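Source file: coords-v9.txt; contents: compact mmCIF, C-alpha atoms.
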```txt
# COMPACT_ATOMS: atom_id res chain seq x y z
CA MET A 10 37.06 -54.04 25.48
CA LYS A 11 34.96 -54.10 22.36
CA ASN A 12 32.07 -52.90 24.43
CA ILE A 13 34.08 -50.03 25.77
CA ILE A 14 35.16 -49.04 22.27
CA ARG A 15 31.60 -49.32 21.07
CA ALA A 16 30.36 -47.19 23.95
CA GLY A 17 33.08 -44.63 23.26
CA SER A 18 32.20 -44.56 19.58
CA LEU A 19 28.56 -44.11 20.34
CA LEU A 20 29.38 -41.30 22.71
CA PHE A 21 31.58 -39.68 20.09
CA ILE A 22 28.92 -40.11 17.42
CA ALA A 23 26.28 -38.67 19.72
CA PHE A 24 28.53 -35.72 20.51
CA SER A 25 29.32 -35.18 16.84
CA ALA A 26 25.67 -35.39 15.95
CA SER A 27 24.79 -32.78 18.49
CA PHE A 28 27.64 -30.61 17.25
CA LEU A 29 26.49 -31.08 13.66
CA THR A 30 22.96 -30.17 14.67
CA SER A 31 24.30 -26.93 16.04
CA CYS A 32 26.13 -26.33 12.79
CA ASP A 33 22.96 -27.09 10.84
CA LYS A 34 21.13 -24.58 12.94
CA ASP A 35 23.68 -21.99 11.95
CA ASP A 36 23.31 -23.02 8.31
CA ASP A 37 19.55 -22.51 8.61
CA THR A 38 20.00 -18.90 9.68
CA ASN A 39 17.07 -16.77 8.62
CA PRO A 40 17.93 -15.71 5.03
CA PHE A 41 16.69 -12.20 5.80
CA GLU A 42 18.79 -11.69 8.91
CA GLY A 43 21.34 -8.90 8.80
CA LEU A 44 20.32 -7.56 5.39
CA THR A 45 19.77 -3.86 4.83
CA TYR A 46 16.86 -2.58 2.79
CA GLN A 47 16.37 0.84 1.22
CA GLN A 48 13.01 2.44 0.52
CA GLU A 49 11.81 2.77 -3.09
CA ASP A 50 8.05 3.41 -3.09
CA GLN A 51 5.64 4.78 -0.52
CA MET A 52 1.89 5.38 -0.35
CA GLY A 53 -0.62 6.65 2.16
CA ARG A 54 -3.78 8.07 0.61
CA PRO A 55 -4.72 7.16 -2.95
CA ALA A 56 -3.41 9.18 -5.89
CA ILE A 57 -1.54 11.79 -3.85
CA ASN A 58 1.86 11.42 -5.51
CA THR A 59 0.15 10.99 -8.86
CA VAL A 60 -1.99 14.12 -8.69
CA PHE A 61 -0.17 16.56 -6.42
CA VAL A 62 3.53 15.95 -6.99
CA ALA A 63 5.39 17.37 -9.99
CA THR A 64 7.35 14.96 -12.18
CA ALA A 65 10.70 16.20 -10.97
CA ASP A 66 9.70 15.59 -7.35
CA LYS A 67 7.97 12.20 -7.65
CA ASP A 68 10.94 10.03 -6.72
CA ASP A 69 11.91 12.41 -3.93
CA PHE A 70 8.38 12.31 -2.52
CA ASN A 71 8.59 8.52 -2.36
CA GLU A 72 11.78 8.86 -0.33
CA THR A 73 10.59 11.56 2.06
CA THR A 74 9.40 10.29 5.42
CA PRO A 75 5.88 11.49 6.34
CA SER A 76 7.21 13.51 9.28
CA ALA A 77 9.19 15.63 6.78
CA MET A 78 6.54 15.84 4.05
CA SER A 79 4.53 18.82 5.26
CA GLY A 80 7.52 21.10 5.61
CA LYS A 81 8.83 20.10 2.22
CA TYR A 82 5.63 19.82 0.22
CA ALA A 83 2.71 21.79 1.72
CA THR A 84 3.36 24.90 -0.38
CA LYS A 85 3.89 22.87 -3.54
CA PHE A 86 0.64 21.02 -2.90
CA GLN A 87 -1.23 24.28 -2.45
CA ASN A 88 0.16 25.63 -5.72
CA GLN A 89 -0.89 22.44 -7.45
CA LEU A 90 -4.37 22.57 -5.93
CA MET A 91 -4.89 26.14 -7.14
CA ALA A 92 -3.55 25.21 -10.57
CA LEU A 93 -6.00 22.32 -10.77
CA ASN A 94 -8.91 24.45 -9.57
CA ALA A 95 -8.23 28.19 -9.77
CA GLY A 96 -11.65 28.84 -8.25
CA TYR A 97 -10.96 26.81 -5.11
CA THR A 98 -12.23 28.50 -1.95
CA THR A 99 -13.11 25.74 0.50
CA ASN A 100 -14.31 22.18 0.07
CA ALA A 101 -17.07 20.06 1.56
CA LEU A 102 -14.90 19.49 4.64
CA GLY A 103 -14.70 23.25 5.18
CA MET A 104 -10.97 23.28 4.50
CA ASP A 105 -9.42 26.30 2.82
CA ALA A 106 -6.61 25.79 0.34
CA ALA A 107 -3.80 25.98 2.89
CA THR A 108 -5.52 23.63 5.34
CA PHE A 109 -6.47 21.08 2.68
CA SER A 110 -3.02 21.14 1.07
CA GLY A 111 -1.31 20.85 4.43
CA ALA A 112 -3.43 17.86 5.35
CA LEU A 113 -2.77 16.10 2.06
CA ALA A 114 0.96 16.81 2.05
CA THR A 115 1.52 14.45 4.96
CA ASP A 116 0.65 11.37 2.97
CA VAL A 117 -0.59 8.87 5.53
CA LEU A 118 -3.86 6.96 5.62
CA ASN A 119 -5.76 7.64 8.83
CA VAL A 120 -7.61 4.64 10.20
CA ALA A 121 -9.97 4.55 13.16
CA THR A 122 -9.39 1.74 15.63
CA SER A 123 -13.07 1.48 16.46
CA GLY A 124 -16.17 1.97 14.37
CA THR A 125 -16.59 2.40 10.64
CA THR A 126 -13.46 2.53 8.54
CA THR A 127 -13.99 4.28 5.21
CA PHE A 128 -12.47 6.92 2.98
CA PHE A 129 -15.95 8.47 2.70
CA ASP A 130 -19.32 6.82 3.01
CA GLY A 131 -21.56 9.88 3.11
CA ILE A 132 -21.21 10.17 6.90
CA ASN A 133 -17.74 9.13 7.99
CA VAL A 134 -14.73 10.84 6.40
CA LEU A 135 -11.12 9.63 6.25
CA THR A 136 -11.42 6.89 8.87
CA GLY A 137 -9.69 4.31 6.69
CA ARG A 138 -10.00 2.90 3.20
CA THR A 139 -12.01 -0.16 2.28
CA LEU A 140 -11.77 -2.04 -1.00
CA ALA A 141 -15.14 -0.73 -2.20
CA ASP A 142 -14.61 2.96 -1.37
CA ASP A 143 -14.95 5.24 -4.39
CA VAL A 144 -11.83 7.14 -3.42
CA ILE A 145 -11.27 8.95 -6.72
CA SER A 146 -14.74 10.48 -6.76
CA THR A 147 -14.24 11.54 -3.14
CA GLU A 148 -10.97 13.26 -4.02
CA LEU A 149 -12.45 14.87 -7.14
CA LEU A 150 -15.31 16.18 -5.01
CA LEU A 151 -12.93 17.67 -2.46
CA ILE A 152 -10.74 19.25 -5.15
CA PHE A 153 -13.40 20.51 -7.57
CA GLY A 154 -16.74 20.42 -5.74
CA GLY A 155 -16.55 23.66 -3.77
CA PRO A 156 -17.99 24.21 -0.29
CA ASP A 157 -21.14 22.19 -0.86
CA GLY A 158 -19.94 19.74 -3.49
CA SER A 159 -22.06 21.23 -6.25
CA ALA A 160 -19.39 23.07 -8.26
CA ASN A 161 -17.95 21.62 -11.49
CA PRO A 162 -20.43 18.72 -11.58
CA ASN A 163 -18.86 17.19 -14.68
CA LEU A 164 -15.50 16.92 -12.88
CA THR A 165 -16.52 15.61 -9.47
CA ASP A 166 -17.51 12.05 -10.39
CA ASP A 167 -15.93 9.72 -12.92
CA ASN A 168 -19.14 7.66 -12.95
CA VAL A 169 -17.30 4.44 -12.15
CA ASP A 170 -18.66 3.63 -8.73
CA ALA A 171 -17.65 0.04 -8.13
CA ASN A 172 -15.07 -2.61 -8.95
CA ASP A 173 -15.51 -4.99 -11.88
CA LYS A 174 -15.44 -8.04 -9.57
CA ALA A 175 -17.26 -8.50 -6.29
CA PHE A 176 -15.27 -8.57 -3.05
CA SER A 177 -15.55 -11.34 -0.49
CA ASN A 178 -16.55 -11.01 3.15
CA THR A 179 -13.94 -13.58 4.10
CA PHE A 180 -10.16 -13.34 4.18
CA PRO A 181 -8.32 -12.37 1.94
CA TYR A 182 -11.33 -10.32 0.72
CA LEU A 183 -9.96 -9.38 -2.71
CA ALA A 184 -11.42 -11.10 -5.76
CA SER A 185 -9.55 -13.89 -7.51
CA PRO A 186 -7.50 -12.71 -10.49
CA HIS A 187 -8.85 -12.38 -14.03
CA MET B 6 -13.99 30.50 -17.01
CA LYS B 7 -14.25 26.89 -18.00
CA ASN B 8 -11.74 27.44 -20.78
CA LEU B 9 -9.36 29.08 -18.38
CA PHE B 10 -9.85 26.18 -16.05
CA LEU B 11 -9.18 23.62 -18.75
CA THR B 12 -6.16 25.56 -19.92
CA ALA B 13 -4.84 25.43 -16.39
CA LEU B 14 -5.49 21.70 -16.31
CA ALA B 15 -3.63 21.25 -19.57
CA VAL B 16 -0.65 23.14 -18.20
CA ILE B 17 -0.70 21.01 -15.08
CA SER B 18 -0.99 17.92 -17.19
CA ALA B 19 2.10 18.86 -19.12
CA SER B 20 3.99 19.71 -15.98
CA ILE B 21 3.21 16.52 -14.13
CA GLY B 22 3.46 14.26 -17.13
CA ILE B 23 1.12 11.41 -17.79
CA VAL B 24 -1.34 11.26 -14.97
CA LEU B 25 -1.99 7.80 -13.74
CA ALA B 26 -3.91 6.20 -10.99
CA ALA B 27 -4.05 5.54 -7.27
CA ASP B 28 -0.32 5.03 -6.99
CA HIS B 29 0.19 2.80 -10.00
CA ILE B 30 3.42 3.75 -11.79
CA ASP B 31 3.54 6.94 -9.77
CA ALA B 32 7.19 7.87 -10.12
CA PRO B 33 10.00 7.30 -12.61
CA ALA B 34 12.22 5.16 -10.38
CA VAL B 35 9.56 2.59 -9.54
CA THR B 36 7.47 2.46 -12.72
CA SER B 37 7.18 -1.08 -14.02
CA THR B 38 9.37 -2.45 -11.26
CA SER B 39 8.64 -5.10 -8.67
CA SER B 40 8.55 -2.48 -5.92
CA ASP B 41 5.81 -0.30 -7.44
CA ILE B 42 2.95 0.01 -4.98
CA THR B 43 -0.40 0.40 -6.73
CA ASP B 44 -2.69 0.78 -3.73
CA PHE B 45 -2.86 0.63 0.03
CA TYR B 46 -5.96 -0.12 2.11
CA ALA B 47 -6.60 -0.20 5.85
CA PHE B 48 -9.97 -1.23 7.21
CA GLN B 49 -11.76 -3.03 10.02
CA SER B 50 -12.06 -6.72 9.27
CA PRO B 51 -15.39 -7.80 7.75
CA GLU B 52 -14.89 -11.06 9.68
CA SER B 53 -14.25 -9.55 13.11
CA SER B 54 -14.57 -6.00 14.47
CA SER B 55 -11.62 -6.84 16.75
CA ASN B 56 -9.28 -7.07 13.78
CA MET B 57 -7.69 -4.63 11.32
CA VAL B 58 -6.85 -5.50 7.72
CA PHE B 59 -4.00 -4.04 5.70
CA VAL B 60 -3.73 -4.57 1.94
CA VAL B 61 -0.69 -3.58 -0.11
CA ASN B 62 -0.95 -4.15 -3.85
CA THR B 63 2.06 -4.02 -6.15
CA GLN B 64 2.92 -4.61 -9.83
CA GLY B 65 -0.30 -3.30 -11.36
CA LEU B 66 -1.99 -3.39 -14.74
CA MET B 67 -1.23 -7.08 -15.36
CA ASP B 68 -3.38 -8.97 -17.83
CA PRO B 69 -4.17 -12.64 -17.12
CA THR B 70 -1.20 -13.86 -19.16
CA ALA B 71 1.25 -11.68 -17.26
CA SER B 72 -0.38 -12.61 -13.97
CA ALA B 73 0.12 -16.33 -14.54
CA THR B 74 3.90 -15.93 -14.41
CA ALA B 75 4.14 -12.94 -12.07
CA ALA B 76 6.12 -13.29 -8.87
CA PHE B 77 7.06 -11.32 -5.80
CA ASP B 78 10.63 -10.04 -5.90
CA GLU B 79 12.64 -11.83 -3.21
CA ASN B 80 14.80 -8.73 -2.85
CA VAL B 81 11.86 -6.48 -2.04
CA MET B 82 10.32 -6.12 1.41
CA ILE B 83 6.76 -4.81 1.61
CA GLN B 84 6.20 -2.94 4.86
CA VAL B 85 3.17 -1.41 6.55
CA ASN B 86 4.15 1.47 8.83
CA ILE B 87 1.90 2.31 11.77
CA ASP B 88 2.16 5.51 13.81
CA ASN B 89 0.10 5.33 16.99
CA THR B 90 1.54 8.44 18.69
CA GLY B 91 0.64 11.11 16.11
CA ASP B 92 4.17 12.13 15.12
CA PHE B 93 4.10 10.50 11.66
CA VAL B 94 7.00 8.22 12.60
CA GLU B 95 6.36 4.47 12.56
CA ASP B 96 5.96 2.95 16.02
CA LEU B 97 5.09 -0.47 14.64
CA VAL B 98 5.85 -2.22 11.38
CA ILE B 99 4.50 -5.28 9.60
CA GLN B 100 7.09 -6.65 7.18
CA ALA B 101 6.47 -9.11 4.35
CA VAL B 102 9.24 -10.93 2.53
CA VAL B 103 9.22 -13.87 0.14
CA ASN B 104 11.80 -16.62 -0.14
CA ASP B 105 11.51 -19.71 -2.35
CA GLY B 106 7.77 -19.27 -2.85
CA LYS B 107 7.07 -18.85 0.82
CA LEU B 108 5.67 -15.70 2.44
CA SER B 109 6.98 -14.61 5.84
CA VAL B 110 5.22 -11.76 7.62
CA TYR B 111 7.01 -10.33 10.66
CA GLY B 112 5.24 -8.26 13.31
CA PRO B 113 3.47 -6.07 14.17
CA VAL B 114 6.68 -5.10 15.96
CA LYS B 115 8.50 -1.97 17.05
CA PRO B 116 11.21 -1.46 14.41
CA THR B 117 14.87 -1.40 15.38
CA SER B 118 15.23 1.77 13.32
CA THR B 119 12.73 4.04 11.57
CA GLY B 120 12.88 5.79 8.23
CA LEU B 121 14.13 4.98 4.77
CA MET B 122 16.62 2.24 5.62
CA GLY B 123 15.63 -0.86 7.49
CA MET B 124 16.15 -4.49 8.30
CA VAL B 125 13.81 -7.44 8.58
CA GLU B 126 12.84 -7.77 12.24
CA THR B 127 13.69 -11.45 12.30
CA ASP B 128 13.20 -11.79 16.05
CA ALA B 129 9.55 -10.77 15.78
CA THR B 130 6.59 -13.13 15.54
CA VAL B 131 6.49 -14.55 12.02
CA THR B 132 3.39 -15.78 10.23
CA THR B 133 4.04 -17.84 7.12
CA THR B 134 2.27 -19.45 4.20
CA ASP B 135 2.95 -20.39 0.60
CA VAL B 136 2.60 -17.65 -1.97
CA THR B 137 -0.66 -18.47 -3.74
CA GLU B 138 -0.12 -19.40 -7.36
CA TYR B 139 -2.26 -17.99 -10.15
CA GLY B 140 -5.48 -19.95 -10.51
CA LYS B 141 -5.04 -21.80 -7.21
CA THR B 142 -7.09 -21.59 -4.04
CA ALA B 143 -5.88 -18.87 -1.68
CA SER B 144 -3.25 -20.14 0.77
CA ILE B 145 -3.76 -18.52 4.17
CA GLY B 146 -1.26 -18.53 7.02
CA SER B 147 -2.37 -17.86 10.57
CA LYS B 148 -0.74 -17.47 13.97
CA ASN B 149 -1.74 -15.70 17.20
CA GLY B 150 -4.84 -14.29 15.52
CA ILE B 151 -2.81 -12.93 12.58
CA LYS B 152 -3.74 -14.00 9.04
CA VAL B 153 -1.59 -13.55 5.95
CA PHE B 154 -2.00 -14.00 2.20
CA ALA B 155 0.13 -13.15 -0.83
CA GLY B 156 -0.60 -13.78 -4.47
CA PRO B 157 -2.24 -12.48 -7.64
CA ARG B 158 -5.68 -10.89 -7.19
CA ASP B 159 -8.03 -8.75 -9.21
CA ASP B 160 -7.02 -5.07 -8.89
CA PRO B 161 -9.71 -3.68 -6.58
CA PHE B 162 -9.05 -0.13 -7.79
CA PHE B 163 -11.57 1.43 -10.20
CA PHE B 164 -11.35 4.70 -12.10
CA ASP B 165 -12.10 6.08 -15.56
CA LEU B 166 -8.51 7.07 -16.08
CA VAL B 167 -8.90 7.45 -19.83
CA ALA B 168 -11.59 10.11 -19.40
CA PHE B 169 -9.52 11.88 -16.74
CA LYS B 170 -6.55 12.03 -19.10
CA SER B 171 -8.79 13.43 -21.83
CA ILE B 172 -9.94 16.15 -19.45
CA LEU B 173 -6.36 17.00 -18.57
CA ALA B 174 -5.42 17.01 -22.24
CA GLY B 175 -8.22 19.44 -22.98
CA THR B 176 -10.03 17.04 -25.32
CA ALA B 177 -12.97 16.52 -22.96
CA THR B 178 -14.79 18.93 -20.66
CA GLY B 179 -15.87 16.35 -18.12
CA PHE B 180 -16.33 12.69 -17.36
CA SER B 181 -18.65 10.47 -19.40
CA ASN B 182 -21.71 8.87 -17.91
CA PRO B 183 -21.50 5.98 -17.59
CA GLY B 184 -17.75 5.93 -17.16
CA ALA B 185 -15.42 3.08 -18.13
CA ASP B 186 -13.20 1.42 -15.52
CA THR B 187 -9.68 1.53 -16.95
CA PHE B 188 -8.59 -1.13 -14.42
CA ALA B 189 -11.28 -3.66 -15.27
CA GLY B 190 -9.78 -7.01 -16.19
CA THR B 191 -6.35 -6.27 -14.67
CA ASN B 192 -4.58 -7.90 -11.75
CA VAL B 193 -2.06 -6.99 -9.07
CA MET B 194 0.21 -8.88 -6.69
CA SER B 195 -1.52 -8.56 -3.34
CA LEU B 196 -0.36 -8.77 0.24
CA VAL B 197 -3.21 -9.05 2.76
CA VAL B 198 -2.51 -9.07 6.50
CA GLU B 199 -5.14 -9.16 9.23
CA VAL B 200 -4.10 -8.51 12.83
CA PRO B 201 -5.90 -8.16 16.14
CA LYS B 202 -6.38 -4.45 16.88
CA SER B 203 -5.00 -5.16 20.35
CA MET B 204 -1.55 -5.52 18.73
CA LEU B 205 -1.67 -1.96 17.36
CA GLY B 206 -1.74 0.08 20.57
CA SER B 207 -4.51 2.12 22.12
CA ALA B 208 -4.75 5.19 19.86
CA ALA B 209 -8.21 6.10 18.53
CA THR B 210 -6.69 6.86 15.14
CA LEU B 211 -3.64 5.33 13.52
CA ASN B 212 -1.56 6.97 10.81
CA THR B 213 -0.61 4.23 8.37
CA TRP B 214 1.35 4.00 5.14
CA ALA B 215 2.88 1.34 2.96
CA VAL B 216 6.44 1.27 1.71
CA THR B 217 8.58 -1.04 -0.37
CA LYS B 218 12.25 -1.44 0.40
CA ARG B 219 14.85 -3.19 -1.71
CA LYS B 220 17.79 -5.20 -0.43
CA ILE B 221 21.02 -3.30 -0.99
```
As structure tokens, please, write out the structure in this file.
Amino acid sequence: MKNIIRAGSLLFIAFSASFLTSCDKDDDTNPFEGLTYQQEDQMGRPAINTVFVATADKDDFNETTPSAMSGKYATKFQNQLMALNAGYTTNALGMDAATFSGALATDVLNVATSGTTTFFDGINVLTGRTLADDVISTELLLIFGGPDGSANPNLTDDNVDANDKAFSNTFPYLASPH
Amino acid sequence: MKNLFLTALAVISASIGIVLAADHIDAPAVTSTSSDITDFYAFQSPESSSNMVFVVNTQGLMDPTASATAAFDENVMIQVNIDNTGDFVEDLVIQAVVNDGKLSVYGPVKPTSTGLMGMVETDATVTTTDVTEYGKTASIGSKNGIKVFAGPRDDPFFFDLVAFKSILAGTATGFSNPGADTFAGTNVMSLVVEVPKSMLGSAATLNTWAVTKRKI
């Protein structure tokens, strides 16, 4: 009789334990499950919102999906480009004002899935962005440099060509903090 | 001509406010918040040509003291959007969230919904590691060829922002040579994710962008 009770208790305990385990599993639900998130900031190419978007539009630009950007912002970008450089004709990529502005207004970073990935390395253009790319000088050159890059020489290079700490060739690549 | 040009710059400067950097403090609503993206990078892995690396930096312009106590906001999701069909709508996402000092990176995965609102794709492959503390060796998580890291790093961005602002203000006619890196000595909170290219589809070119989303 005692044995039967003991067996029954064990069975009950085992059942309870398994039930509790199930409950624990529910308690361990992924803390991120079922939550809704709303976009606040957005970035494709470097300095686009900073340079091309007017103050009143900056928050809106961050909350405009790229598929809607060109329709909403291409004309504004072109006005801004001409205001920055009234003498703009074409740039070193052969893009006139409308083409260049239209390309920039859809603020995504293009990245090639094979071969060199770089913002600009003298040969490859807009195939990605590496840590060491001098992206600001590239953008200054495209905005101010004219068709062959020789216009406005004092505005096309900030003369800071590299980071203050060396990058690593192994993951996670960025330098340790100061 | 140059004066006209500089006048135009000054007008622009006034109209767009203080001009800043790559995307550091780019807009009023995110300036000095935990969701402010400073820079986004996408490049082929230096370790393996079969892999792609995405870097999203947030919370810029931190000095070492601020960096020592900086943290990722547990209510903010950092997301890399990847369009591999050319329509500028994300076909794949990589989502990074932090809970109790631990980084969880979901994806790459097709998102349940696209656009400004979103949820963490908790059914997707998740790669985890501890958030690396300031001054400690980088903690790296890996799974299925994916590698993840999150923690304070040197800001890799470089720019003579001070000179640029002087040009815009009309107090300088061009950059100095040599220039001075305004971002030297400052840190950011970095997310670095490396994934096999085979997980990103077959397009020759991807359209990529980084977003931050806050829990509502």
Q. Which neighbours of region 174-187 of chain A fall inside 7 Å, counting all atoms listed in the file, when residues of the same chain fewer than 5 positions from it are skipped, and could you give them as a VMD selection string?
A. chain B and resid 51 to 52 69 154 157 to 159 161 190 to 192 197
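Among B:Val216, B:Ala47, B:Val103, B:Ala71, the residue with the shortest atom-to-atom distance to Val200 (chain B), counting all atoms listed in the file, is B:Ala47.
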Q: Find the residue from A:Met52, A:Ala83, A:Leu150, A:Ile57 that sits nearest to Ala112 (chain A); use all atoms listed in the file when measuring.
A: A:Ala83
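Going from CA of Thr99 (chain A) to CA of Asn163 (chain A) covers 18.3 Å.
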Could I get the residues of chain A with an atom no further than 6 Å from an atom of chain B, each paired with its nearest atom pair and that distance in Å to one decimal, using only C-alpha atoms, sorted by chain and residue number, as a Markdown table?
```
| residue | atom | partner | partner_atom | distance |
| --- | --- | --- | --- | --- |
| A:Leu44 | CA | B:Met124 | CA | 5.9 |
| A:Thr45 | CA | B:Met124 | CA | 5.1 |
| A:Tyr46 | CA | B:Lys220 | CA | 4.3 |
| A:Gln47 | CA | B:Met122 | CA | 4.6 |
| A:Gln48 | CA | B:Lys218 | CA | 4.0 |
| A:Glu49 | CA | B:Lys218 | CA | 5.5 |
| A:Asp50 | CA | B:Thr217 | CA | 5.2 |
| A:Gln51 | CA | B:Val216 | CA | 4.2 |
| A:Met52 | CA | B:Ala215 | CA | 5.3 |
| A:Gly53 | CA | B:Trp214 | CA | 4.4 |
| A:Pro55 | CA | B:Ala27 | CA | 4.7 |
| A:Ala56 | CA | B:Ala27 | CA | 3.9 |
| A:Thr59 | CA | B:Asp31 | CA | 5.4 |
| A:Ala63 | CA | B:Ile21 | CA | 4.8 |
| A:Thr64 | CA | B:Ile21 | CA | 4.8 |
| A:Lys67 | CA | B:Ala32 | CA | 5.0 |
| A:Asp68 | CA | B:Ala32 | CA | 5.5 |
| A:Pro75 | CA | B:Phe93 | CA | 5.7 |
| A:Ser76 | CA | B:Phe93 | CA | 4.9 |
| A:Ala92 | CA | B:Ala13 | CA | 6.0 |
| A:Leu93 | CA | B:Leu14 | CA | 5.6 |
| A:Val117 | CA | B:Trp214 | CA | 5.3 |
| A:Leu118 | CA | B:Thr213 | CA | 5.1 |
| A:Asn119 | CA | B:Asn212 | CA | 4.7 |
| A:Val120 | CA | B:Leu211 | CA | 5.2 |
| A:Ala121 | CA | B:Thr210 | CA | 4.5 |
| A:Thr122 | CA | B:Ala209 | CA | 5.4 |
| A:Thr126 | CA | B:Phe48 | CA | 5.3 |
| A:Gly137 | CA | B:Ala47 | CA | 5.5 |
| A:Arg138 | CA | B:Tyr46 | CA | 5.2 |
| A:Thr139 | CA | B:Phe48 | CA | 5.4 |
| A:Asn163 | CA | B:Gly179 | CA | 4.6 |
| A:Leu164 | CA | B:Gly179 | CA | 5.3 |
| A:Asp167 | CA | B:Phe180 | CA | 5.4 |
| A:Asn168 | CA | B:Gly184 | CA | 4.8 |
| A:Val169 | CA | B:Gly184 | CA | 5.2 |
| A:Asn172 | CA | B:Phe163 | CA | 5.5 |
| A:Asp173 | CA | B:Ala189 | CA | 5.6 |
| A:Asn178 | CA | B:Pro51 | CA | 5.7 |
| A:Ala184 | CA | B:Asp159 | CA | 5.4 |
| A:Ser185 | CA | B:Arg158 | CA | 4.9 |
| A:Pro186 | CA | B:Arg158 | CA | 4.2 |
| A:His187 | CA | B:Pro69 | CA | 5.6 |
```
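Computed from the coordinates, the CA of Ser37 (chain B) to CA of Leu140 (chain A) distance equals 23.0 Å.
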Q.
Would you compute the distance between CA of Ala106 (chain A) and CA of Ser146 (chain A)? Give it in Å to one decimal.
A. 18.7 Å
(Q) Between A:Ile132, A:Ala141, A:Ile152, A:Val62, which residue has the minimum interatomic distance to Thr165 (chain A), considering only C-alpha atoms? (A) A:Ile152
Q.
Taking only C-alpha atoms into account, name the residue in A:Asp116, A:Leu102, A:Pro162, A:Phe109 that is nearest to Val134 (chain A).
A. A:Leu102
Would you give the centre and edge lengths, in Å to one decimal, of a box along x, y and z around the listed atoms of region 206-220 of chain B, with 3 Å added to each side, as JSON?
```
{"center_x": 4.8, "center_y": 0.9, "center_z": 10.2, "size_x": 32.0, "size_y": 18.2, "size_z": 29.8}
```
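Take the candidates A:Asn39, A:Asn100, A:Thr108, A:Thr125 and check each one against Gly158 (chain A) using all atoms listed in the file; the shortest distance goes to A:Asn100.
Distance annotation: of A:Leu135, A:Leu113, A:Gly154, A:Tyr82, the residue with the minimal separation from Phe70 (chain A) is A:Tyr82; atom set is only C-alpha atoms.
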